[in-house]
Each structure stands twice: as C-alpha cells, then as structure tokens.
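> As input, take work-v4.cif (mmCIF, C-alpha atoms):
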data_start
loop_
_atom_site.label_atom_id
_atom_site.label_comp_id
_atom_site.auth_asym_id
_atom_site.auth_seq_id
_atom_site.Cartn_x
_atom_site.Cartn_y
_atom_site.Cartn_z
CA MET A 18 46.17 1.35 -34.46
CA GLY A 19 45.05 3.89 -31.92
CA LEU A 20 44.88 7.50 -31.01
CA HIS A 21 47.54 8.18 -28.44
CA LEU A 22 48.29 10.79 -25.85
CA LEU A 23 50.56 12.91 -27.96
CA GLU A 24 48.13 12.96 -30.83
CA VAL A 25 45.33 14.12 -28.53
CA LYS A 26 47.58 16.76 -27.02
CA SER A 27 48.75 18.12 -30.35
CA LEU A 28 45.21 18.00 -31.73
CA VAL A 29 43.82 19.97 -28.78
CA GLY A 30 46.82 22.27 -28.75
CA HIS A 31 46.46 22.96 -32.43
CA LEU A 32 42.76 23.74 -31.99
CA ILE A 33 43.29 26.37 -29.29
CA GLY A 34 46.60 27.64 -30.68
CA TRP A 35 48.50 26.45 -27.68
CA ASN A 36 51.97 25.08 -28.11
CA THR A 37 51.95 21.82 -26.23
CA ASN A 38 55.15 20.24 -25.17
CA PRO A 39 55.40 16.51 -24.58
CA SER A 40 56.59 16.88 -21.01
CA SER A 41 53.48 18.79 -19.92
CA ASP A 42 51.22 16.82 -17.61
CA LEU A 43 47.94 16.75 -19.55
CA ASP A 44 47.09 13.21 -18.64
CA VAL A 45 44.03 11.72 -20.32
CA GLU A 46 45.33 8.25 -21.10
CA SER A 47 44.06 5.10 -19.52
CA ARG A 48 47.32 3.62 -18.27
CA ILE A 49 47.95 -0.06 -18.66
CA ILE A 50 48.73 -1.32 -15.21
CA GLU A 51 49.30 -5.00 -15.93
CA LYS A 52 49.63 -7.11 -19.03
CA LEU A 53 48.49 -10.67 -18.52
CA HIS A 54 48.79 -13.54 -20.95
CA ILE A 55 45.87 -15.92 -20.70
CA GLY A 56 45.80 -18.72 -23.24
CA GLY A 57 47.89 -16.81 -25.75
CA ILE A 58 45.75 -13.72 -25.51
CA GLU A 59 47.31 -10.56 -24.17
CA VAL A 60 44.94 -9.11 -21.57
CA TRP A 61 45.46 -5.53 -20.55
CA ILE A 62 44.43 -4.63 -17.05
CA SER A 63 44.10 -0.91 -17.61
CA GLU A 64 43.26 1.94 -15.29
CA THR A 65 39.71 1.72 -16.62
CA VAL A 66 39.34 -1.87 -15.52
CA VAL A 67 40.87 -1.27 -12.09
CA ASN A 68 38.72 1.81 -11.53
CA THR A 69 35.66 -0.17 -12.57
CA TRP A 70 36.53 -2.81 -10.01
CA ILE A 71 36.96 -0.17 -7.33
CA ILE A 72 33.58 1.33 -8.22
CA MET A 73 31.97 -2.11 -8.31
CA ALA A 74 33.44 -2.96 -4.92
CA ALA A 75 32.21 0.31 -3.46
CA LEU A 76 28.71 -0.12 -4.91
CA ILE A 77 28.42 -3.74 -3.81
CA LEU A 78 29.69 -2.80 -0.35
CA ILE A 79 27.07 -0.04 -0.08
CA ALA A 80 24.42 -2.46 -1.32
CA LEU A 81 25.53 -5.01 1.28
CA ILE A 82 25.36 -2.42 4.05
CA PHE A 83 21.84 -1.43 3.00
CA ARG A 84 20.94 -5.10 2.67
CA ILE A 85 22.07 -5.83 6.21
CA LYS A 86 20.29 -2.73 7.46
CA MET A 87 17.15 -3.87 5.65
CA LYS A 88 16.61 -6.50 8.33
CA ASN A 89 15.61 -3.65 10.63
CA TYR A 90 13.41 -1.95 8.07
CA LYS A 91 10.08 -0.90 9.38
CA TYR A 92 6.63 -0.49 8.03
CA LYS A 93 7.00 3.23 8.71
CA PRO A 94 10.35 4.12 7.12
CA GLU A 95 12.89 6.17 9.02
CA GLY A 96 16.48 7.28 8.53
CA SER A 97 18.50 5.61 5.79
CA GLN A 98 15.52 3.49 4.82
CA ASN A 99 13.95 6.63 3.32
CA VAL A 100 17.03 7.27 1.18
CA ILE A 101 17.27 3.80 -0.28
CA GLU A 102 13.51 3.60 -0.81
CA LEU A 103 13.58 6.94 -2.61
CA ILE A 104 16.39 5.75 -4.90
CA ILE A 105 14.79 2.40 -5.72
CA GLU A 106 11.32 3.85 -6.17
CA SER A 107 12.63 6.61 -8.44
CA MET A 108 14.37 3.99 -10.59
CA ASP A 109 11.22 1.87 -10.64
CA SER A 110 9.00 4.76 -11.72
CA PHE A 111 11.65 5.88 -14.24
CA VAL A 112 11.57 2.44 -15.88
CA LYS A 113 7.78 2.29 -15.69
CA SER A 114 7.40 5.70 -17.33
CA ALA A 115 9.86 4.87 -20.11
CA MET A 116 8.86 1.24 -20.72
CA SER A 117 5.38 0.74 -19.22
CA GLU A 118 4.32 -1.22 -16.16
CA LYS A 119 4.64 -4.57 -17.93
CA TYR A 120 8.38 -4.26 -18.43
CA ALA A 121 9.17 -2.90 -14.98
CA TYR A 122 11.50 -5.88 -14.49
CA PHE A 123 14.05 -4.11 -16.69
CA GLY A 124 14.65 -1.97 -13.60
CA ASN A 125 16.77 -4.82 -12.23
CA TRP A 126 19.17 -4.39 -15.12
CA PHE A 127 19.07 -0.63 -15.57
CA PHE A 128 19.50 0.04 -11.86
CA GLY A 129 22.97 -1.50 -12.08
CA VAL A 130 23.76 0.25 -15.36
CA PHE A 131 22.57 3.57 -13.96
CA ALA A 132 24.61 3.18 -10.78
CA LEU A 133 27.72 2.12 -12.70
CA ILE A 134 27.59 5.00 -15.19
CA LEU A 135 26.67 7.61 -12.59
CA VAL A 136 29.36 6.64 -10.12
CA SER A 137 31.89 6.30 -12.95
CA ASN A 138 31.09 9.77 -14.23
CA LEU A 139 31.27 11.25 -10.73
CA SER A 140 34.47 9.37 -9.84
CA GLY A 141 36.39 12.10 -11.69
CA LEU A 142 35.66 14.32 -8.69
CA LEU A 143 37.74 12.01 -6.52
CA GLY A 144 40.64 12.05 -8.96
CA PHE A 145 39.89 8.74 -10.64
CA ARG A 146 39.98 8.44 -14.38
CA PRO A 147 36.29 7.79 -15.06
CA PRO A 148 35.82 4.30 -16.56
CA THR A 149 33.17 5.82 -18.82
CA ALA A 150 35.91 7.97 -20.41
CA ASP A 151 37.02 4.75 -22.08
CA LEU A 152 35.23 3.53 -25.17
CA CYS A 153 35.67 -0.07 -24.01
CA THR A 154 33.36 0.54 -21.04
CA THR A 155 30.68 2.42 -22.95
CA ALA A 156 30.86 -0.11 -25.78
CA ALA A 157 30.42 -2.98 -23.34
CA ILE A 158 27.37 -1.38 -21.72
CA THR A 159 25.94 -0.45 -25.10
CA LEU A 160 26.47 -3.98 -26.31
CA THR A 161 24.12 -5.23 -23.60
CA THR A 162 21.54 -2.66 -24.71
CA PHE A 163 22.02 -3.75 -28.32
CA VAL A 164 21.48 -7.40 -27.37
CA LEU A 165 18.42 -6.50 -25.29
CA ILE A 166 16.92 -4.41 -28.12
CA HIS A 167 17.09 -7.25 -30.63
CA PHE A 168 16.38 -10.05 -28.20
CA MET A 169 13.20 -8.32 -27.04
CA GLY A 170 12.34 -7.51 -30.67
CA ILE A 171 12.59 -11.13 -31.78
CA TRP A 172 11.04 -12.55 -28.61
CA THR A 173 7.95 -10.34 -28.67
CA GLY A 174 7.65 -9.67 -32.40
CA LYS A 175 8.65 -13.06 -33.93
CA GLY A 176 8.27 -12.63 -37.73
CA SER A 177 7.21 -9.01 -37.64
CA TYR A 178 10.64 -8.13 -36.23
CA PHE A 179 12.36 -9.24 -39.45
CA LYS A 180 9.59 -7.79 -41.57
CA GLY A 181 10.32 -4.42 -39.95
CA TYR A 182 13.62 -4.26 -41.83
CA LEU A 183 11.77 -4.31 -45.13
CA GLU A 184 9.52 -1.39 -44.27
CA PRO A 185 8.35 0.91 -45.66
CA ILE A 186 9.88 -0.56 -48.86
CA PRO A 187 12.25 -3.55 -49.12
CA VAL A 188 14.88 -1.46 -50.91
CA LEU A 189 15.55 0.29 -47.61
CA LEU A 190 16.88 -2.90 -46.02
CA PRO A 191 20.54 -1.74 -46.01
CA ILE A 192 19.57 1.66 -44.60
CA ASN A 193 17.50 -0.02 -41.87
CA ILE A 194 20.40 -2.28 -40.94
CA ILE A 195 22.78 0.70 -40.83
CA SER A 196 20.35 2.62 -38.63
CA GLU A 197 20.16 -0.35 -36.26
CA LEU A 198 23.96 -0.50 -36.09
CA ALA A 199 24.18 3.25 -35.63
CA THR A 200 22.13 3.05 -32.43
CA PRO A 201 24.80 1.39 -30.25
CA ILE A 202 27.58 3.40 -31.86
CA SER A 203 25.89 6.72 -31.17
CA LEU A 204 24.95 5.58 -27.65
CA SER A 205 28.47 4.53 -26.73
CA PHE A 206 30.27 7.43 -28.36
CA ARG A 207 27.90 10.00 -26.83
CA LEU A 208 28.71 8.92 -23.30
CA PHE A 209 32.39 8.31 -24.01
CA GLY A 210 32.85 11.64 -25.81
CA ASN A 211 31.09 13.69 -23.15
CA ILE A 212 33.07 12.27 -20.27
CA LEU A 213 36.41 12.22 -22.09
CA GLY A 214 35.81 15.75 -23.32
CA GLY A 215 35.07 16.96 -19.82
CA MET A 216 38.18 15.23 -18.58
CA ILE A 217 40.41 16.76 -21.27
CA ILE A 218 39.02 20.23 -20.63
CA MET A 219 39.54 19.86 -16.89
CA GLY A 220 43.09 18.63 -17.46
CA MET A 221 43.81 21.64 -19.66
CA VAL A 222 42.25 24.01 -17.16
CA TYR A 223 44.45 22.61 -14.39
CA MET A 224 47.50 22.96 -16.63
CA ALA A 225 46.58 26.54 -17.51
CA LEU A 226 45.94 27.41 -13.87
CA GLY A 227 49.27 25.87 -12.91
CA ASN A 228 51.09 28.13 -15.34
CA LEU A 229 49.37 31.33 -14.22
CA PRO A 230 51.59 34.24 -13.13
CA SER A 231 51.42 34.69 -9.38
CA ILE A 232 49.23 37.78 -9.63
CA LEU A 233 46.46 35.72 -11.24
CA LYS A 234 46.76 32.72 -8.89
CA ILE A 235 43.50 33.92 -7.32
CA PHE A 236 41.72 32.12 -10.19
CA ASN A 237 42.85 28.84 -8.66
CA ILE A 238 40.09 29.34 -6.11
CA GLY A 239 36.59 28.55 -7.29
CA VAL A 240 37.20 28.26 -11.02
CA PRO A 241 38.00 24.49 -10.97
CA SER A 242 35.06 23.83 -8.64
CA ALA A 243 32.63 25.55 -10.97
CA LEU A 244 34.01 23.68 -13.97
CA HIS A 245 33.95 20.36 -12.12
CA LEU A 246 30.37 21.09 -11.19
CA TYR A 247 29.53 21.49 -14.84
CA PHE A 248 31.68 18.82 -16.50
CA ASP A 249 31.59 16.12 -13.85
CA VAL A 250 28.39 16.61 -11.87
CA PHE A 251 26.05 18.20 -14.40
CA ALA A 252 27.27 16.48 -17.57
CA GLY A 253 27.84 13.25 -15.65
CA CYS A 254 24.28 13.10 -14.29
CA ILE A 255 22.71 14.26 -17.55
CA GLN A 256 24.66 11.76 -19.62
CA THR A 257 23.71 8.95 -17.25
CA VAL A 258 20.02 9.79 -17.53
CA ILE A 259 20.28 10.18 -21.31
CA PHE A 260 22.09 6.87 -21.72
CA VAL A 261 19.65 4.89 -19.61
CA MET A 262 16.59 6.67 -20.97
CA LEU A 263 17.68 6.13 -24.59
CA SER A 264 18.50 2.47 -23.91
CA MET A 265 15.04 1.90 -22.43
CA THR A 266 13.36 3.80 -25.25
CA PHE A 267 15.19 1.79 -27.93
CA ILE A 268 14.24 -1.48 -26.26
CA LYS A 269 10.63 -0.33 -25.85
CA ASP A 270 10.49 0.70 -29.51
CA LYS A 271 11.43 -2.79 -30.64
CA ILE A 272 8.95 -4.51 -28.34
CA ALA A 273 5.93 -5.41 -30.43
CA ASP A 274 2.67 -4.90 -28.55
CA MET B 2 53.79 3.83 -18.43
CA GLU B 3 51.92 2.84 -21.54
CA GLY B 4 48.37 3.96 -22.04
CA TYR B 5 45.63 4.58 -24.54
CA VAL B 6 42.76 6.95 -25.20
CA ILE B 7 41.08 5.10 -28.03
CA ILE B 8 42.26 1.77 -29.32
CA LEU B 9 40.64 -0.33 -31.96
CA ASP B 10 42.47 -3.65 -32.06
CA GLN B 11 42.29 -7.08 -30.43
CA HIS B 12 42.95 -5.47 -27.03
CA THR B 13 39.73 -3.52 -27.42
CA LEU B 14 37.77 -6.74 -27.72
CA VAL B 15 39.37 -8.15 -24.58
CA LEU B 16 38.76 -4.94 -22.66
CA VAL B 17 35.16 -4.80 -23.87
CA ALA B 18 34.72 -8.41 -22.76
CA ILE B 19 36.14 -7.62 -19.32
CA GLN B 20 33.91 -4.55 -18.95
CA LEU B 21 30.94 -6.59 -20.17
CA ILE B 22 31.54 -9.16 -17.44
CA ASN B 23 32.04 -6.36 -14.90
CA THR B 24 28.77 -4.72 -15.91
CA CYS B 25 26.87 -7.99 -15.75
CA VAL B 26 28.32 -8.90 -12.36
CA LEU B 27 27.53 -5.47 -10.95
CA CYS B 28 23.97 -5.44 -12.33
CA PHE B 29 23.33 -8.95 -11.04
CA ALA B 30 24.74 -8.14 -7.60
CA LEU B 31 22.86 -4.86 -7.23
CA SER B 32 19.63 -6.44 -8.43
CA LYS B 33 19.96 -9.38 -6.01
CA LEU B 34 21.25 -7.40 -3.07
CA LEU B 35 19.32 -4.20 -3.27
CA TYR B 36 16.88 -3.55 -6.08
CA LYS B 37 14.67 -6.62 -5.86
CA PRO B 38 14.47 -6.92 -2.06
CA VAL B 39 13.79 -3.22 -1.52
CA LEU B 40 11.23 -3.15 -4.33
CA ASN B 41 9.51 -6.22 -2.91
CA PHE B 42 9.48 -4.58 0.48
CA ILE B 43 7.98 -1.39 -0.96
CA ASN B 44 5.40 -3.29 -2.99
CA ALA B 45 4.38 -5.39 -0.01
CA ARG B 46 3.89 -2.22 1.96
CA LYS B 47 1.95 -0.63 -0.90
CA GLU B 48 -0.40 -3.60 -0.94
CA LYS B 49 -0.79 -3.47 2.81
CA ILE B 50 -1.57 0.24 2.72
CA ALA B 51 -4.07 -0.26 -0.09
CA GLU B 52 -5.69 -3.01 1.95
CA GLN B 53 -5.85 -0.78 5.00
CA ILE B 54 -7.34 2.08 3.02
CA ASP B 55 -9.95 -0.28 1.58
CA SER B 56 -10.88 -1.63 4.97
CA ALA B 57 -10.92 1.89 6.41
CA GLU B 58 -13.28 2.98 3.66
CA ALA B 59 -15.51 -0.01 4.27
CA ARG B 60 -15.56 0.76 7.98
CA LEU B 61 -16.25 4.42 7.34
CA SER B 62 -19.24 3.64 5.16
CA GLU B 63 -20.41 1.15 7.77
CA ALA B 64 -20.05 3.81 10.47
CA ASN B 65 -21.87 6.34 8.32
CA ALA B 66 -24.73 3.93 7.79
CA LEU B 67 -24.92 3.29 11.53
CA LYS B 68 -24.76 7.01 12.23
CA ALA B 69 -27.61 7.69 9.81
CA GLU B 70 -29.59 4.89 11.38
CA TYR B 71 -29.06 6.23 14.89
CA GLU B 72 -29.82 9.78 13.84
CA ASN B 73 -33.02 8.53 12.31
CA LYS B 74 -33.80 6.66 15.48
CA LEU B 75 -33.10 9.73 17.57
CA LYS B 76 -35.40 11.75 15.37
CA ASN B 77 -38.16 9.18 15.75
CA ILE B 78 -37.60 8.65 19.42
CA ASP B 79 -40.02 11.45 20.48
CA ALA B 80 -42.80 10.04 18.39
CA GLU B 81 -42.00 6.62 19.74
CA ARG B 82 -42.04 7.91 23.30
CA ILE B 83 -45.43 9.49 22.83
CA GLN B 84 -46.74 6.35 21.24
CA ILE B 85 -45.41 4.20 24.08
CA LEU B 86 -46.89 6.54 26.67
CA ASP B 87 -50.25 6.55 24.88
CA GLU B 88 -50.21 2.81 24.67
CA ALA B 89 -49.34 2.49 28.34
CA ARG B 90 -52.02 4.92 29.33
CA ALA B 91 -54.63 3.14 27.29
CA GLN B 92 -53.56 -0.16 28.78
CA ALA B 93 -53.71 1.28 32.29
CA ASN B 94 -57.13 2.71 31.61
CA LYS B 95 -58.36 -0.59 30.35
CA ASN B 96 -56.89 -2.37 33.35
CA SER B 97 -58.46 0.05 35.80
CA GLN B 98 -61.82 -0.31 34.09
CA LEU B 99 -61.55 -4.05 34.37
CA ILE B 100 -60.55 -3.85 38.02
CA ILE B 101 -63.40 -1.50 38.82
CA ALA B 102 -65.88 -3.70 37.00
CA ASP B 103 -64.59 -6.73 38.84
CA ALA B 104 -64.79 -4.91 42.14
CA LYS B 105 -68.35 -3.84 41.41
CA THR B 106 -69.41 -7.34 40.55
CA GLU B 107 -67.76 -8.64 43.67
CA ALA B 108 -69.42 -5.99 45.80
CA ASN B 109 -72.80 -6.82 44.30
CA ASN B 110 -72.27 -10.45 44.97
CA ILE B 111 -71.34 -9.79 48.57
CA HIS B 112 -74.29 -7.49 49.01
CA ASN B 113 -76.72 -10.01 47.56
CA ARG B 114 -75.34 -12.80 49.65
CA ALA B 115 -75.61 -10.64 52.75
CA MET B 116 -79.20 -9.75 51.96
CA THR B 117 -80.11 -13.39 51.51
CA ASP B 118 -78.46 -14.23 54.82
CA ILE B 119 -80.32 -11.47 56.55
CA LYS B 120 -83.64 -12.64 55.17
CA ARG B 121 -82.98 -16.18 56.21
CA GLU B 122 -81.98 -15.09 59.70
CA GLU B 123 -85.12 -12.98 59.95
CA GLU B 124 -87.33 -15.86 59.00
CA LYS B 125 -85.55 -18.12 61.36
CA ALA B 126 -86.03 -15.65 64.17
CA ARG B 127 -89.70 -15.23 63.30
CA ASP B 128 -90.26 -18.99 63.37
CA GLU B 129 -88.52 -19.18 66.70
CA ILE B 130 -90.70 -16.46 68.11
CA LYS B 131 -93.84 -18.14 66.73
CA LYS B 132 -92.81 -21.42 68.23
CA GLN B 133 -92.16 -19.85 71.59
CA ILE B 134 -95.44 -17.94 71.54
CA ILE B 135 -97.17 -21.17 70.75
CA GLU B 136 -95.39 -22.98 73.50
CA VAL B 137 -96.10 -20.25 76.03
CA SER B 138 -99.72 -19.89 75.01
CA ALA B 139 -100.14 -23.68 75.09
CA MET B 140 -98.65 -23.82 78.52
CA VAL B 141 -100.81 -20.92 79.74
CA SER B 142 -103.91 -22.31 78.15
CA GLY B 143 -103.14 -25.77 79.51
CA LYS B 144 -102.86 -24.43 83.02
CA PHE B 145 -105.94 -22.37 82.56
CA ILE B 146 -107.85 -25.24 81.17
CA ALA B 147 -106.69 -27.54 83.86
CA ALA B 148 -107.97 -25.11 86.38
CA ASN B 149 -111.33 -24.39 84.80
CA MET B 150 -112.51 -27.34 82.75
CA THR B 151 -114.63 -30.33 83.82
CA GLU B 152 -114.13 -33.76 82.45
CA ALA B 153 -117.32 -33.49 80.41
CA GLU B 154 -116.31 -30.22 78.92
CA GLN B 155 -112.91 -31.67 78.17
CA GLN B 156 -114.49 -34.57 76.41
CA GLN B 157 -116.76 -32.18 74.56
CA LEU B 158 -113.78 -30.14 73.36
CA VAL B 159 -111.92 -33.19 72.14
CA ASP B 160 -114.90 -34.32 70.24
CA ASP B 161 -115.42 -30.90 68.67
CA THR B 162 -111.87 -30.67 67.63
CA ILE B 163 -111.91 -34.12 66.10
CA SER B 164 -115.09 -33.27 64.24
CA ASP B 165 -113.46 -30.05 63.02
CA LEU B 166 -110.50 -31.96 61.80
CA GLU B 167 -112.72 -34.28 59.93
CA GLY B 168 -114.46 -31.28 58.29
CA VAL B 169 -111.38 -29.41 56.98
CA GLU B 170 -108.29 -30.45 55.24
CA TRP B 171 -105.00 -30.17 57.08
CA LEU B 172 -103.50 -27.04 55.72
CA ASN B 173 -100.18 -26.63 57.36
#
Take the structure from the file and write it as structure tokens.


Amino acid sequence: MGLHLLEVKSLVGHLIGWNTNPSSDLDVESRIIEKLHIGGIEVWISETVVNTWIIMAALILIALIFRIKMKNYKYKPEGSQNVIELIIESMDSFVKSAMSEKYAYFGNWFFGVFALILVSNLSGLLGFRPPTADLCTTAAITLTTFVLIHFMGIWTGKGSYFKGYLEPIPVLLPINIISELATPISLSFRLFGNILGGMIIMGMVYMALGNLPSILKIFNIGVPSALHLYFDVFAGCIQTVIFVMLSMTFIKDKIAD
Amino acid sequence: MEGYVIILDQHTLVLVAIQLINTCVLCFALSKLLYKPVLNFINARKEKIAEQIDSAEARLSEANALKAEYENKLKNIDAERIQILDEARAQANKNSQLIIADAKTEANNIHNRAMTDIKREEEKARDEIKKQIIEVSAMVSGKFIAANMTEAEQQQLVDDTISDLEGVEWLN
C-alpha cells in the first residue's frame, strides 16, 4: 500500500492538464538507499533517514563548535557569542511566552525540534530532499508531542485529566477521543503537506523551465529564486514556527494548573 | 531505484521509529551541548547584572543621602562660623577680663607691700636718727657737764633724778 511516484505525477498532471510522461524527471520520491534486515525486520534506510543524519551531524557539529568557543565567552558578549545568545534567548522567551515561566524547561526539547524542522525545511535550498517532506519524520516528531501532551496531562491533572474526556457531557467521550487523535494527525500532515507541496511545485517549475523555448529562457533567471524564497524559506520558517508553537500550546492546554 | 512518497505499512513503523530515535538523539545532544549551557551562562549573567543594578541603586541612594547631608552642612556652615566666632570672642573677652582683674589685684598687692616697706623703712630711719641725736646730745652734754659741774652739784642731780624716777612711772 502506498502512493507512488507515478501516481503523484499523474495526479498533478491531471490537475493542471499537463500530459506527464514517465521518463520526465519530476523527482519527489524518497529513494530507498539501503535495505537492511535486522532480526527478521526489513529496515529501509531511505533518503529521508540519510538526510536526517546529515542534518543531525551538521547541527551537532555546529553545537560542538559553539560549545568549544563557549570556553572563551565573556561577561560582555562579542562576536559569535551574540549570535548564539540571541538564538538561545529567543527560543527561551518563545517557550516562556507560549508555556509560561514554570515550564521553560520544555525549551530543551523544543530547541532541538525547532532546529531539526527548520534546517530540514531549508535543506531543500541545498538540493537535499527535506526530511520533513516525509510523513515518517513529521509523524515521529508529532508522536513525541502527543506523548508529551498526555504525559503532562496525566502528571499534572491526575484524575481530572480522565474526567476531561467526559466533559461537557459523557456522551461526547468518542468525539473527545477523536479530537485528541486528530491533533497529532493534523500536526504531522500540516508540516508534511506544506513541505512536500513546495517540493512538488518546485520540481514542476524546474521541469517547465527546462522545456521552455530558447526565447523564453530568460525566465530561468530569478523565477526559481523567488519561488524558492517563498516555498522553502518563507513556508519553511512559518511551518517550523507553527509546528513548535502548536505543540507547545497543546501541551500547555493539557497541563492542569 | 525504489522510492516512496507516502507509505502506510510495516516499513512506515520502522522509519517512524528510526526518525523518533534521531529526533530524540538530536534534541538530547543540542540540549546538553548548547541550550542548557548557554542558557545557564545567560541566566548567571542576568543575576549578576541584577545584583550590580541593586548594589548601584543602593550606592546611589547612599550617595544622595550623603550629598543632602553635606549640602545641609554647607548651608549651615555660615551660621556655624558666626556662632563659633561669637563663642571665641566671648571666651576671649572673658579671658581678658580675668587677666586684667588678676593684673589689677597683683598690682594692688605689690603697691600695698611697697607702701608697707616704705613705712617701715621710714620708721627705722627715724629711730636711727633719734638714737643718734640722743647719743650726740648725751656726749655733748656729758662733756659740758664734765666741764662745768662740781661734785656736789653732780650728787644733787643724781639725787633729783632718782627722786623724779620714784615720783613717776616709767613710761617708755
């Protein structure tokens, strides 16, 4: 079961009345690079996973560099110290504004999530297939949010957490459960859909530009940049903020105090 | 090469599990390496700055109090000066009065003593003169008497004198 490249191509082609042919190079699939068999389970090491590792390595390397530089940090900040302090303080105040001072420790978690999603979304600019354009990635991140929502709900609310499912009237229990399950689904599909959509549109634009008659080749200059600016930079940043903000808000909503 | 856009089978679960581990590892690493240390650093500095501002405010209020005190003192210093001068003058006056009074008393004493001395000297001199007059007159009268008096007359005189002495009390 799965929606595959050709189906996406024909779907998109059908929508815009464009006769796709299978040999065209609209490439939105996450390629499977290696298939491992671990204890009878087939493990796919896909492009998504490899790209995630590359992003993780880059982020951890940057963190290490800043960490080593931190030994020389001064009381009066200068140079790169300002940059890293700005980033960390912004994240801290973002968490504090969304979740209150008491739960500022969530910044430790959401800083990593924010960095991962943002760099993933922006990695399209460097020609990577963004890991966030894969439902597996967004589902994994959303799963952590889902666990945090209900863990914090039970931990802080105790009985009132379960009582909440019977409110305002007990008949609504199934609806309440569905709405709880809808939260992670909407979160993961929002991010996934936005990034995949941007990627598909960019792929189509490149294909269209490649097939332009020579007189119109002038459109090759500037048009992709502007679209990348919108689909990768703008949508990527906005979706990152939305994802993290919504995650924090959902967790805060379930915290009883 | 094989690939997928959306898959919903057992491979999805494995991929989600891998991405879950990746996410957790990344979040843990970034938190340990960067977020927590930098935030601690920033918070420590915040506290230090707050402390410094507090102490600066305390010192400022202290300085203001001192300034007010000194301004007050400066304002009062003229009055104080006049008071001190008045006090000194009064003291000097008193002292001079005392010194003058002392000097007067001393002068009086000296004067009195001198007068007494003078009187005593005068009396002494008078006595001396009397004594000498007596001596001279006795000598002269002795010579004269020796020249002019007979033995009978001499006897007569002695007798008269003795009888006189018997008649009157010795006065001197």

> Give the answer as one residue: which of A:Met221, A:Ile158, A:Ile171, A:Ile77 has the shortest atom-to-atom distance to Ile134 of chain A, using all atoms listed in the file?

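Among the listed residues, the smallest separation from Ile134 of chain A belongs to A:Ile158.
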
> Output as a ChimeraX atom specification the set of chain A residues within 9 Å of chain B, with distances taken over all atoms listed in the file.

/A:18-22,25,45-50,58-66,69-70,73-74,76-77,80-81,83-84,87,90,92,101-102,105-106,109,124-130,132-133,150-158,160-161,213

> Excluding segment 214-216 of chain A and any residue of its chain fewer than 2 positions from it, enumerate the residues within 9 Å of it, using only C-alpha atoms, and give them as JSON, numbers by chain.

{"A": [45, 141, 146, 147, 150, 209, 210, 211, 212, 218, 219, 220, 221, 244, 245, 247, 248, 249, 252]}

> Atom CA of Ser205 of chain A to atom CA of Thr159 of chain A: how many Å, to one decimal?

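Atom CA of Thr159 of chain A lies 5.8 Å from atom CA of Ser205 of chain A.
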
> In Å to one decimal, how far is atom CA of Arg60 of chain B from atom CA of Lys76 of chain B?

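A separation of 23.9 Å between them.
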
> State, in Å with one decimal place, the distance from atom CA of Ala80 of chain B to atom CA of Glu63 of chain B.

26.3 Å

> Report as a ChimeraX atom specification all protein, DNA and RNA residues lying within 10 Å of segment 222-231 of chain A, evaluated on only C-alpha atoms, omitting residues in the same chain fewer than 4 positions from it.

/A:41-44,216-218,235-238,240-241,244

> Report as AutoDock Vina command-line options the centre and the edge lengths, in Å to one decimal, of the axis-aligned box holding every listed atom of segment 127-131 of chain A, padded by 3 Å on each side.


--center_x 21.4 --center_y 1.0 --center_z -13.7 --size_x 10.7 --size_y 11.1 --size_z 9.7

> Fewer than 6 positions away in the same chain doesn't count, so skip those; otherwise give me all residues within 12 Å of Ala115 of chain A, counting only C-alpha atoms, as a list in words.

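Counting only C-alpha atoms, the residues come to Met108, Asp109, Ala121, Phe123, Gly124, Phe127, Val258, Ile259, Val261, Met262, Leu263, Ser264, Met265, Thr266, Phe267, Ile268, Lys269 and Asp270 of chain A.
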
> So, counting only C-alpha atoms, which residue among A:Leu142, A:Ile255, A:Met116, A:Ala273 is closest to Ser242 of chain A?

A:Leu142
